[in-house]
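**Q** The structure that follows is given in the form of structure tokens.
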Amino acid sequence: MLHIMTLSWQPGLTREQRDGALARRAQWQYPEGLQVLGEYWTAAEQPAVVVVFEAAEFVPIMELTLTWGDVFQIATYPAVSAEEGLRIGPEALQRRRV
């Protein structure tokens, strides 16, 4: 299943803590079972990072949030492509009206 994860800096972090997170990221690998389609660093505080990934199970998502929760506020959302949404949307609307 496709997911979007946003990571926003925890309030009150020092410059050293943010720099440490960057150094930590350089050494870190995504957990097994999580296929990253893209990782984007924004020019904003919230979100600072956006990750698009696929995962069949919750375990690698939980591992990621436990690993980075000390420096980021993390939100994860299930998602579909626009193409897929347009394909399944009419069916969902049909069921909703019933």
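For the structure tokens, the naming scheme is as follows: chains receive sequential letters (A, B, ...) according to their order of presentation, residues are indexed from 1 within each chain, and ligands are indexed from 1 in presentation order.
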Please return as a PyMOL selection string: the residues of chain A that backbone DSSP assigns to alpha helix (DSSP H).
**A** chain A and resi 15-27+59-68+82-97
**Q** If you keep N, CA and C atoms, can you produce a file of those selected residues as a short mmCIF file (atom, residue, chain, number, x, y, z; two decimals), in the first residue's frame?
**A**
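This is the output file again.cif:
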data_model
loop_
_atom_site.label_atom_id
_atom_site.label_comp_id
_atom_site.auth_asym_id
_atom_site.auth_seq_id
_atom_site.Cartn_x
_atom_site.Cartn_y
_atom_site.Cartn_z
N ARG A 15 20.27 23.84 17.40
CA ARG A 15 20.94 23.68 16.10
C ARG A 15 21.79 22.41 16.10
N GLU A 16 22.43 22.11 17.22
CA GLU A 16 23.25 20.92 17.32
C GLU A 16 22.41 19.65 17.17
N GLN A 17 21.22 19.64 17.73
CA GLN A 17 20.34 18.48 17.60
C GLN A 17 19.90 18.28 16.15
N ARG A 18 19.59 19.38 15.46
CA ARG A 18 19.21 19.28 14.04
C ARG A 18 20.39 18.82 13.20
N ASP A 19 21.56 19.38 13.46
CA ASP A 19 22.76 18.95 12.74
C ASP A 19 23.04 17.48 13.00
N GLY A 20 22.83 17.05 14.25
CA GLY A 20 23.02 15.65 14.60
C GLY A 20 22.07 14.74 13.85
N ALA A 21 20.85 15.21 13.65
CA ALA A 21 19.86 14.42 12.90
C ALA A 21 20.31 14.25 11.45
N LEU A 22 20.88 15.29 10.87
CA LEU A 22 21.37 15.20 9.50
C LEU A 22 22.52 14.19 9.42
N ALA A 23 23.44 14.25 10.37
CA ALA A 23 24.56 13.30 10.39
C ALA A 23 24.04 11.88 10.60
N ARG A 24 23.05 11.72 11.45
CA ARG A 24 22.45 10.41 11.71
C ARG A 24 21.79 9.87 10.44
N ARG A 25 21.09 10.75 9.71
CA ARG A 25 20.41 10.33 8.48
C ARG A 25 21.42 9.82 7.45
N ALA A 26 22.59 10.43 7.41
CA ALA A 26 23.61 10.02 6.44
C ALA A 26 24.04 8.57 6.65
N GLN A 27 23.92 8.06 7.87
CA GLN A 27 24.34 6.70 8.20
C GLN A 27 23.17 5.70 8.26
N VAL A 59 4.85 -2.93 10.60
CA VAL A 59 6.10 -3.06 11.37
C VAL A 59 7.19 -2.07 10.91
N PRO A 60 7.52 -1.97 9.61
CA PRO A 60 8.57 -1.02 9.23
C PRO A 60 8.17 0.44 9.45
N ILE A 61 6.90 0.74 9.38
CA ILE A 61 6.43 2.10 9.64
C ILE A 61 6.65 2.43 11.11
N MET A 62 6.30 1.49 11.98
CA MET A 62 6.50 1.69 13.41
C MET A 62 7.98 1.85 13.74
N GLU A 63 8.81 1.03 13.12
CA GLU A 63 10.25 1.12 13.34
C GLU A 63 10.78 2.50 12.95
N LEU A 64 10.33 3.00 11.82
CA LEU A 64 10.76 4.33 11.37
C LEU A 64 10.33 5.41 12.35
N THR A 65 9.10 5.36 12.80
CA THR A 65 8.62 6.40 13.72
C THR A 65 9.32 6.31 15.08
N LEU A 66 9.62 5.10 15.54
CA LEU A 66 10.34 4.97 16.80
C LEU A 66 11.78 5.47 16.67
N THR A 67 12.37 5.29 15.51
CA THR A 67 13.75 5.72 15.28
C THR A 67 13.87 7.24 15.23
N TRP A 68 12.91 7.91 14.63
CA TRP A 68 13.04 9.35 14.37
C TRP A 68 12.12 10.23 15.20
N ALA A 82 -3.25 9.85 -8.28
CA ALA A 82 -4.42 10.52 -8.84
C ALA A 82 -5.14 9.60 -9.82
N GLU A 83 -4.36 8.89 -10.61
CA GLU A 83 -4.94 7.95 -11.57
C GLU A 83 -5.79 6.89 -10.87
N GLU A 84 -5.26 6.32 -9.81
CA GLU A 84 -5.99 5.30 -9.05
C GLU A 84 -7.21 5.91 -8.38
N GLY A 85 -7.07 7.10 -7.83
CA GLY A 85 -8.20 7.77 -7.19
C GLY A 85 -9.34 8.04 -8.17
N LEU A 86 -8.98 8.46 -9.38
CA LEU A 86 -10.01 8.69 -10.39
C LEU A 86 -10.69 7.39 -10.83
N ARG A 87 -9.93 6.31 -10.77
CA ARG A 87 -10.50 5.01 -11.15
C ARG A 87 -11.46 4.50 -10.08
N ILE A 88 -11.07 4.59 -8.81
CA ILE A 88 -11.90 4.03 -7.74
C ILE A 88 -12.92 5.02 -7.18
N GLY A 89 -12.73 6.30 -7.45
CA GLY A 89 -13.63 7.32 -6.91
C GLY A 89 -15.09 7.12 -7.24
N PRO A 90 -15.43 6.89 -8.51
CA PRO A 90 -16.85 6.69 -8.84
C PRO A 90 -17.48 5.52 -8.08
N GLU A 91 -16.74 4.44 -7.90
CA GLU A 91 -17.27 3.30 -7.14
C GLU A 91 -17.54 3.69 -5.69
N ALA A 92 -16.60 4.43 -5.10
CA ALA A 92 -16.76 4.86 -3.71
C ALA A 92 -17.94 5.82 -3.58
N LEU A 93 -18.10 6.72 -4.53
CA LEU A 93 -19.24 7.65 -4.49
C LEU A 93 -20.56 6.90 -4.63
N GLN A 94 -20.57 5.90 -5.47
CA GLN A 94 -21.78 5.10 -5.67
C GLN A 94 -22.21 4.44 -4.37
N ARG A 95 -21.27 3.86 -3.65
CA ARG A 95 -21.58 3.20 -2.38
C ARG A 95 -21.99 4.21 -1.31
N ARG A 96 -21.43 5.37 -1.33
CA ARG A 96 -21.74 6.39 -0.32
C ARG A 96 -23.17 6.86 -0.44
N ARG A 97 -23.71 6.94 -1.63
CA ARG A 97 -25.06 7.44 -1.86
C ARG A 97 -26.13 6.45 -1.45
#
**Q** Using DSSP secondary structure from the backbone, list all strand (DSSP E) positions within region 18-94 of chain A, as a PyMOL selection string.
**A** chain A and resi 34-41+49-55+72-78
**Q** Just the number, please: distance in Å from CA of Thr76 (chain A) to CA of Gly12 (chain A), one decimal.
**A**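 CA of Thr76 (chain A) sits 22.3 Å away from CA of Gly12 (chain A).
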